[in-house]
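Report on one structure; see the data block that follows.
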There are 4 protein chains.
Amino acid sequence: MSHQSRQDRLVELRRDLHRRPEPAWREFWTTARIVDEVERIGVDDLLVGPEVLDGEARMSVPDEAELDEWYEQARDAGAREDVLERMTGGYTGAIATLDRGEGPTIGLRVDIDGLPQPESTDGDHHPAAEGFRSVHDEAMHACGHDAHVTFGIGVLEAIKESDFEGTFKVFFQPAEEVVGGGKPMAESGHLDDVDYLLAVHVGLDHPTGEIVAGVDEFLAVSDFRAEFTGAPAHAGASPADGSNAIQAMATAIQNLYGISRHQDGDTRVNAGKVGGGTASNIIPEHAFIDGEVRGETTPLMEYMKERAWTVLESAAEMHDCEVEVTPEGEAPSAVSDDAIRGVVGRVASETPGVDSVLDSAGLGGSEDATFLMRRVQEHGGKAAYVCVGTDHPGGHHTATFDVDERSLEIGVDVLSDSILELAVEQP
Amino acid sequence: MSHQSRQDRLVELRRDLHRRPEPAWREFWTTARIVDEVERIGVDDLLVGPEVLDGEARMSVPDEAELDEWYEQARDAGAREDVLERMTGGYTGAIATLDRGEGPTIGLRVDIDGLPQPESTDGDHHPAAEGFRSVHDEAMHACGHDAHVTFGIGVLEAIKESDFEGTFKVFFQPAEEVVGGGKPMAESGHLDDVDYLLAVHVGLDHPTGEIVAGVDEFLAVSDFRAEFTGAPAHAGASPADGSNAIQAMATAIQNLYGISRHQDGDTRVNAGKVGGGTASNIIPEHAFIDGEVRGETTPLMEYMKERAWTVLESAAEMHDCEVEVTPEGEAPSAVSDDAIRGVVGRVASETPGVDSVLDSAGLGGSEDATFLMRRVQEHGGKAAYVCVGTDHPGGHHTATFDVDERSLEIGVDVLSDSILELAVEQP
Amino acid sequence: MSHQSRQDRLVELRRDLHRRPEPAWREFWTTARIVDEVERIGVDDLLVGPEVLDGEARMSVPDEAELDEWYEQARDAGAREDVLERMTGGYTGAIATLDRGEGPTIGLRVDIDGLPQPESTDGDHHPAAEGFRSVHDEAMHACGHDAHVTFGIGVLEAIKESDFEGTFKVFFQPAEEVVGGGKPMAESGHLDDVDYLLAVHVGLDHPTGEIVAGVDEFLAVSDFRAEFTGAPAHAGASPADGSNAIQAMATAIQNLYGISRHQDGDTRVNAGKVGGGTASNIIPEHAFIDGEVRGETTPLMEYMKERAWTVLESAAEMHDCEVEVTPEGEAPSAVSDDAIRGVVGRVASETPGVDSVLDSAGLGGSEDATFLMRRVQEHGGKAAYVCVGTDHPGGHHTATFDVDERSLEIGVDVLSDSILELAVEQP
Amino acid sequence: MSHQSRQDRLVELRRDLHRRPEPAWREFWTTARIVDEVERIGVDDLLVGPEVLDGEARMSVPDEAELDEWYEQARDAGAREDVLERMTGGYTGAIATLDRGEGPTIGLRVDIDGLPQPESTDGDHHPAAEGFRSVHDEAMHACGHDAHVTFGIGVLEAIKESDFEGTFKVFFQPAEEVVGGGKPMAESGHLDDVDYLLAVHVGLDHPTGEIVAGVDEFLAVSDFRAEFTGAPAHAGASPADGSNAIQAMATAIQNLYGISRHQDGDTRVNAGKVGGGTASNIIPEHAFIDGEVRGETTPLMEYMKERAWTVLESAAEMHDCEVEVTPEGEAPSAVSDDAIRGVVGRVASETPGVDSVLDSAGLGGSEDATFLMRRVQEHGGKAAYVCVGTDHPGGHHTATFDVDERSLEIGVDVLSDSILELAVEQP
């Protein structure tokens, strides 16, 4: 395969994926597309859906109506019926395995979901200009997971074509954005024999040509949904007969953001999505907050979580309402192992297109790849989180986020060469 | 027509209407049903849609997609195509006129819209038990407008069959619940020649058998929508790069409810419906409040409005956001004229089924019937707002609100006999 | 005594009192001055201090250091030592009784305390211009109680000089401004034999020459102090180790003002005085709110109180603090009896200087005279609250409040003539 | 001088100082005591008051009445009259200089002020048990500055008795706790010729026997006072006529704590002391916040400051109030130079009583020693901030803070030996 044609194919695949972003647990079309590619390449084992996840551990799964809607959209968009059937109930994601004899087991983890937000229609936004903007009004690949899937496929193909010896697994993980898919995949057991795990992310404010050999400073995160229930009443004729769920919610929001900073390190809190009430003239009976807390360490996240729970409960009580707080996704902190960091750094510095290699850098965000990394580390393996820089015009999670497609091939090269190197290293 | 059959027909009509509640400006099926009934009775003039409203004065009209959805539902439910066409763009409502020679012009105003809230499925809820619960998941006749339409039809039929001399108009007004339909109907000009106007409401915590001859203490009301716009950012990696629209919204809510009570009389404020944000891990860019303020007098409502606007603007500024505040419906205060009050009280005390007559009572809520009442009064006519008591298990605007159907015939009798009496009174 | 000289003496007395305002339970000099005047006039019984109050029922008594300071100031200003001694511990106030044979027992209640606020130094402020401005930096007669004491003395003198038959008592009540003195005086037993009680207030936005025969619409009131206790910490080095009492307090304030308005009538809430913390770099351990709630009726006040308590407790809990809420003064609502209202109205309309008589008017505020009125009414007597209009440049409780001294003689005349009239009425 | 006697004298001096803590700019007695000690030792130059400060740069100076009160207390406690006179107007602090021929100029900076908070009376609190608890109800040495002064005197004596060659200055800096004295002393010019500056702090959660050779991670800090002005009104009779300054303050507090955390590093915010209002029944006209913001870097502090200002202004505007925000003390961030760090570490590791030496540690708080350090560094010198560990039962700024007196002699030894070593080092 010529150089040009591989890059073209990577771009084409990434744009296809970009056009059809699917939020967490709704990656039906995406998974089917992955299956198509993996089968084209040819592997020894391909697991889909319930086989790759511990069902009990899934978090933040949407309701059935929502799943059905995306299921049908995937079917309408041409997803294979047999693959779809295996994903019934929102069991998305896949694991592809190459079994190539004696040697270490090496894993690559990529996440595959999009975000529930509209994409820019601006003429300066490359996907809009080039015609591969999201077909969904309310979904977008605003965090580069389209590039991640492309890395997964590209690296799988490269390893397949190499003289790699050992076992190679690509983990196509669903539901990262709701911090919901990492834990069930980690607990599926498929990580337990992995000697080296690479997870990868594109961008993160690193420019095209820059590689971070081992990202650190993952914020531990805990998502929650708080549902406030009060009592409705006519806002003109009998306001005092109501119990105002929105007033409870507003009090909670004000005080969530006011949780004390902590001397031991970074913390975060966000009431990211809220809603409530039925009409302007009814004292609102219901309200909700979809929120999250984070900490530089797991104990700091626990501190924020405990304070947040107290705020939510006291705010409800204050306004004579009930609140039900449901934990959604949660991810711990993690560290990249130096053993892998060294290999990736060395390989990267010799990869064409790479002009800057950082030994480490802080993420400053959260990632449920940490579940997979810790699983591997707990079983005696090593793990690292690699960043492939890319010039991105808008920030992550904004409407104008985009990936510089030159970074696709760079990423595939750095990752596959690192894997080949790790395979022959003496542990 | 036998007594029994009229009551049966009133109940049947009311249940039909109850089954298909349509929120403000979406009363397509309801208006078509009214047209059917009016044509069955036979009138001298029947106006629909744009003919009964000053289009410029309409407030709180939903967007086109929403209108289309209800338009289609009405068609699917069998609404007449020719009537539907006249209502394109959400021009619902009708005016039916009997022209019976010399005599005063007398009007009856009834409102026809439902509320955007789910109806109880409880077995104790009469409409659920009897099978005429709302067919729409998110709409309900929770304020008795189904009974109001029934009054309108019943009284029209009674007057038609009587020896009434003069002109009689029934105003089937849309969009009362969003305080959006009263003003455009008042400004249509069709009220300007009315000598006596009766508006009617069922219930209001008065039991079956009780009549209030003239309701007073209407709270002036002003609805608004506030849209906050900030800037999104990743809540973990770059929270300080965002401008948090939900935080601005929460600050506004807390302080809206904290607007000072006023020594000159009753005031109200409600943030009845709110929403915002996209996901728990994104600093929210957008948020909105659908709210209202009220005052015992129009100046008190204006005081609340001015304070509320200031709160909304300062809250946005505080969090580096923009806010756009759009006035939605607005209704003034009004008083019932003694001239009508006297007649209704006298008639009611002689009406079978009535065991209690109150000369006056306070509404404590708002009503855009006040626009019609004031229009008539400004043109030299008189107006009163009559309450027909009904035992209602749940409060107005709650999921278990229901009308005691015995009050249907009582209402028709009191109203039609009062109209006949007013027609022969020397002004 | 000539007309001119009486008016001069009333003015002189009022200015003396104005010069030495003493806040609640600190009216040592004022009570001594009253004793001097009463002894000059000559009465049959004069009770002071513990004799006129049920000590258990006293509310909002300041601490000993504060009492001592004012006690010493009174001594320095020439208060009689023997009178001072009877008031040890803040037992201020007096009851003067004329016993004139057979006839009804009639009472007049006047309150005697000043407010803890500075008086205007503006040249336009009459007391400043005329040299009788408060000698105390932080106290002022900003509600006209100097005029009330003057009424009490003037009426006592007028009744003494008249042919009145019966018993006449003047109740010089302390601590009205903290709603703390009415209850203990009511429970002293000295009201139980009163047939007719007049309470009086000057001003209330009624001009000089206007008399309100019976004021109504007293707001029931309940004062409280909330003390929040958290834990201190260094705000830079260990903020999360603290529990922030000021944050709890701020949350409470925001939500106190946000307690829902009530459909049954007027309510009020105020966080009138607050404080907390020690320095900008210490997470604050302590904070307090001196607040109040009111209601048009006693149940409405109770509604506000219950809601306020919940807000205070939840706010403390939310921020991991303790709160101790102490009830301070409390006063019920009350009504003026028509029997007295009629007499006062009739008398007033014939009194020189009176050009407007209102049968009734709303107070819109609170008053612990209601404790005395209700005590009399519960024992079968009648009571009314009379307002003597006066032009006042600034509002009550503002730095420029003042009394038009022409109203002093008008008040004395209306009150004493009404008492004489009531004495000869057949009950 | 025998070992025992020196330690005894250090303890005695420290306890004397502990007994008479004086808050910022009120260190009259403390400065006079320092002068006594310095004169006893004998130096070549001793500057006091205006000579050691740039008067223009002083921040957070209390009002004259407050200064006078402490001035008189100092006089009553026996402070020398001639020294007191030099400090009129709150010009506290001193600089003592030994001029010992050729050699580098070396400085030691110690701060001398106490905190405005009460000291524990608990029997377990060593100063209470041993009888050297603060004589002032509302002031305490809760941060160990009594030990700092003792270090200053002890080191001065040790250097005087040594064979030191060069110039040695001890900077007794006032007003550190309000971040108000560092800047004026830095700008006095007396630092400009310093080659090596040592600043010292006791404790900071390091135990007795531990030395930190160079503290880093100073939080930049900015203090402010915000004064809100509204309009008063009677809370019952005319609440809506007021503009509620306490409501504005509470809104500001809630939102100050809610300022977004920043991805670039640590930030802090505190509303440390607040107050407002006059009485529970008056809508409050005035309120204030004494607050602070901090940042791990100066730009982070500036971010917090800008956001805080916006919050304060919008909160005032929201409630129709004015706010005046006055900057109080402010201090930048700073770093300790490795050249000094190395010497101190080496010396410490050989000092008796030291069992742990840390090369560096983070402060996590703020310090206006940074002004002096940066001044020296800007003029080509080097500076470091040394921590002398001490077991302290309560945290800094708490009522049970205390110093383990064994650390007094350790500190004097480490500091004086380091100074002697620096004096002979080749720069």
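Following the order of the structure tokens, first chain is A, next is B, and so on, with residues numbered from 1 inside each chain and ligands from 1 in the order they appear.
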
Exercise. Pick out the residues sitting within 7 Å of range 89-95 of chain C, and hand them over as number ranges by chain; count only C-alpha atoms, and ignore anything fewer than 6 positions along from it in its own chain.
Key: C: 25-28, 31, 46-50, 52, 67, 169-174

Within 7 Å of chain A: residues of chain C, using only C-alpha atoms, as an mmCIF file with N, CA and C atoms, in the first residue's frame:
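Writing done, so here's result_12.cif:
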data_model
loop_
_atom_site.group_PDB
_atom_site.id
_atom_site.type_symbol
_atom_site.label_atom_id
_atom_site.label_comp_id
_atom_site.auth_asym_id
_atom_site.auth_seq_id
_atom_site.Cartn_x
_atom_site.Cartn_y
_atom_site.Cartn_z
ATOM 1 N N ALA C 237 -3.829 28.485 53.502
ATOM 2 C CA ALA C 237 -3.102 27.228 53.667
ATOM 3 C C ALA C 237 -4.005 26.018 53.857
ATOM 4 N N SER C 238 -5.216 26.217 54.353
ATOM 5 C CA SER C 238 -6.055 25.052 54.650
ATOM 6 C C SER C 238 -7.533 25.374 54.625
ATOM 7 N N PRO C 239 -8.003 25.995 53.533
ATOM 8 C CA PRO C 239 -9.405 26.438 53.504
ATOM 9 C C PRO C 239 -10.399 25.297 53.725
ATOM 10 N N ALA C 240 -10.099 24.131 53.213
ATOM 11 C CA ALA C 240 -11.068 23.038 53.300
ATOM 12 C C ALA C 240 -11.156 22.456 54.700
ATOM 13 N N SER C 260 -41.573 31.848 49.929
ATOM 14 C CA SER C 260 -42.696 32.142 49.038
ATOM 15 C C SER C 260 -43.695 33.118 49.654
ATOM 16 N N ARG C 261 -44.103 34.085 48.861
ATOM 17 C CA ARG C 261 -45.239 34.908 49.223
ATOM 18 C C ARG C 261 -46.442 33.999 49.503
ATOM 19 N N HIS C 262 -47.395 34.505 50.270
ATOM 20 C CA HIS C 262 -48.527 33.670 50.664
ATOM 21 C C HIS C 262 -49.845 34.262 50.160
ATOM 22 N N GLN C 263 -50.657 33.400 49.609
ATOM 23 C CA GLN C 263 -51.917 33.837 49.033
ATOM 24 C C GLN C 263 -52.898 34.390 50.063
ATOM 25 N N THR C 310 -36.521 26.652 59.008
ATOM 26 C CA THR C 310 -36.030 25.598 58.113
ATOM 27 C C THR C 310 -34.876 26.102 57.259
ATOM 28 N N VAL C 311 -35.013 27.297 56.731
ATOM 29 C CA VAL C 311 -33.935 27.875 55.913
ATOM 30 C C VAL C 311 -32.657 27.990 56.733
ATOM 31 N N SER C 314 -31.178 24.448 57.453
ATOM 32 C CA SER C 314 -30.634 23.785 56.266
ATOM 33 C C SER C 314 -29.373 24.483 55.779
ATOM 34 N N ALA C 315 -29.343 25.796 55.893
ATOM 35 C CA ALA C 315 -28.155 26.540 55.439
ATOM 36 C C ALA C 315 -26.950 26.177 56.294
ATOM 37 N N GLU C 317 -26.538 23.326 57.991
ATOM 38 C CA GLU C 317 -26.206 21.939 57.659
ATOM 39 C C GLU C 317 -25.438 21.846 56.347
ATOM 40 N N MET C 318 -25.873 22.622 55.374
ATOM 41 C CA MET C 318 -25.244 22.619 54.056
ATOM 42 C C MET C 318 -23.761 22.938 54.141
#

Practice problem: Name all residues at most 7 Å from range 197-214 of chain A (count only C-alpha atoms; drop same-chain ones fewer than 5 positions away) and give them as a PyMOL selection string. | Solution: chain A and resi 106-110+144+148+336+341+344-345+348+353-361+369+373+382-392+407

Quiz item: Quick one: residues within 10 Å of Val135 in chain B, only C-alpha atoms counted, chain neighbours fewer than 4 positions away excluded, as JSON, numbers by chain?
Solution: {"B": [18, 19, 20, 21, 118, 119, 131, 139, 140]}

Quiz prompt | Nearby residues (only C-alpha atoms) at most 12 Å from Ala220 in chain D, same-chain spacing under 6 positions excluded, as a PyMOL selection string | solution = (chain C and resi 236) or (chain D and resi 179+265-269+292-305+329-335+363-371)

Those residues with C-alpha atoms, as a compact mmCIF listing (two decimals), in the first residue's frame please?
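Everything below was put into out-v8.txt:
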# COMPACT_ATOMS: atom_id res chain seq x y z
CA GLY C 236 -4.77 30.28 52.20
CA VAL D 179 -0.31 42.02 54.04
CA GLY D 265 -3.23 26.49 39.35
CA ASP D 266 -4.46 27.05 42.86
CA THR D 267 -6.74 29.92 43.73
CA ARG D 268 -8.45 31.01 46.92
CA VAL D 269 -11.24 33.34 47.95
CA GLU D 292 -9.26 38.31 49.98
CA VAL D 293 -8.33 36.42 46.86
CA ARG D 294 -5.17 34.43 46.21
CA GLY D 295 -3.46 32.71 43.35
CA GLU D 296 -0.59 30.31 42.96
CA THR D 297 0.87 32.90 40.61
CA THR D 298 0.34 36.63 40.41
CA PRO D 299 -1.76 36.28 37.18
CA LEU D 300 -4.01 33.76 38.94
CA MET D 301 -4.47 36.23 41.78
CA GLU D 302 -5.29 38.91 39.21
CA TYR D 303 -7.88 36.59 37.59
CA MET D 304 -9.56 36.09 40.96
CA LYS D 305 -9.43 39.79 41.70
CA GLY D 329 -2.91 44.69 51.31
CA GLU D 330 -1.50 42.85 48.33
CA ALA D 331 1.53 40.61 47.96
CA PRO D 332 3.11 38.91 44.96
CA SER D 333 4.41 35.38 44.65
CA ALA D 334 8.15 34.68 45.06
CA VAL D 335 10.83 31.96 44.90
CA LEU D 363 3.84 27.41 51.75
CA GLY D 364 0.32 27.20 50.36
CA GLY D 365 -0.35 30.58 51.91
CA SER D 366 0.65 34.16 51.34
CA GLU D 367 3.33 36.32 52.85
CA ASP D 368 4.41 39.85 52.23
CA ALA D 369 8.01 38.86 52.85
CA THR D 370 7.77 38.31 49.10
CA PHE D 371 7.97 42.09 48.63

Practice problem: Please return as a list of chain:residue names: the residues of range 280-319 of chain A that backbone DSSP assigns to strand (DSSP E). | Solution: A:Ile282, A:Ile283, A:His286, A:Ala287, A:Phe288, A:Ile289, A:Asp290, A:Gly291, A:Glu292, A:Val293, A:Arg294, A:Gly295

Quiz item: So which bits of range 293-336 of chain C end up alpha helix (DSSP H) when you DSSP the backbone, as a PyMOL selection string?
Solution: chain C and resi 298-318

Self-check item: For Glu378 in chain D: contacts at 12 Å, only C-alpha atoms, fewer than 6 positions along chain excluded, given as a list in words
Solution: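 Non-adjacent residues within range: Ala186, Leu191, Asp192, Asp193, Val194, Asp195, Ala334, Thr370, Phe371 and Leu372 of chain D.
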
Print the selection's residues with N, CA, C and O atoms to a file, as a short mmCIF file (atom, residue, chain, number, x, y, z; two decimals), in the first residue's frame.
data_model
loop_
_atom_site.label_atom_id
_atom_site.label_comp_id
_atom_site.auth_asym_id
_atom_site.auth_seq_id
_atom_site.Cartn_x
_atom_site.Cartn_y
_atom_site.Cartn_z
N ALA D 186 9.84 47.26 51.99
CA ALA D 186 10.61 46.97 50.78
C ALA D 186 10.97 48.26 50.05
O ALA D 186 12.07 48.42 49.52
N LEU D 191 16.58 47.72 51.79
CA LEU D 191 16.87 46.38 51.28
C LEU D 191 17.80 46.40 50.08
O LEU D 191 18.32 45.36 49.67
N ASP D 192 17.98 47.57 49.50
CA ASP D 192 18.59 47.64 48.17
C ASP D 192 20.04 47.19 48.14
O ASP D 192 20.54 46.78 47.09
N ASP D 193 20.72 47.27 49.28
CA ASP D 193 22.13 46.86 49.29
C ASP D 193 22.32 45.47 49.90
O ASP D 193 23.45 45.04 50.13
N VAL D 194 21.24 44.77 50.12
CA VAL D 194 21.34 43.45 50.75
C VAL D 194 21.77 42.40 49.72
O VAL D 194 21.17 42.29 48.65
N ASP D 195 22.81 41.65 50.05
CA ASP D 195 23.28 40.58 49.16
C ASP D 195 22.54 39.28 49.40
O ASP D 195 22.22 38.55 48.47
N ALA D 334 6.67 34.56 45.05
CA ALA D 334 8.15 34.68 45.06
C ALA D 334 8.77 33.30 45.09
O ALA D 334 8.09 32.31 45.35
N THR D 370 7.46 38.40 50.55
CA THR D 370 7.77 38.31 49.10
C THR D 370 8.16 39.68 48.54
O THR D 370 8.95 39.76 47.61
N PHE D 371 7.58 40.75 49.10
CA PHE D 371 7.97 42.09 48.63
C PHE D 371 9.47 42.33 48.90
O PHE D 371 10.19 42.85 48.06
N LEU D 372 9.92 41.93 50.10
CA LEU D 372 11.32 42.15 50.46
C LEU D 372 12.23 41.23 49.65
O LEU D 372 13.30 41.64 49.17
#

Quiz item: Smallest atom-to-atom distance to Glu409 in chain A: which of A:Thr351, A:Val343, A:Ile289, A:Gly181, using only C-alpha atoms?
Solution: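 Answer, going by the shortest atom-to-atom distance: A:Thr351.
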
Practice problem: Write out as number ranges by chain the residues lying within 7 Å of Arg100 in chain A, counting only C-alpha atoms and excluding same-chain residues fewer than 3 positions away. | Solution: A: 164-167
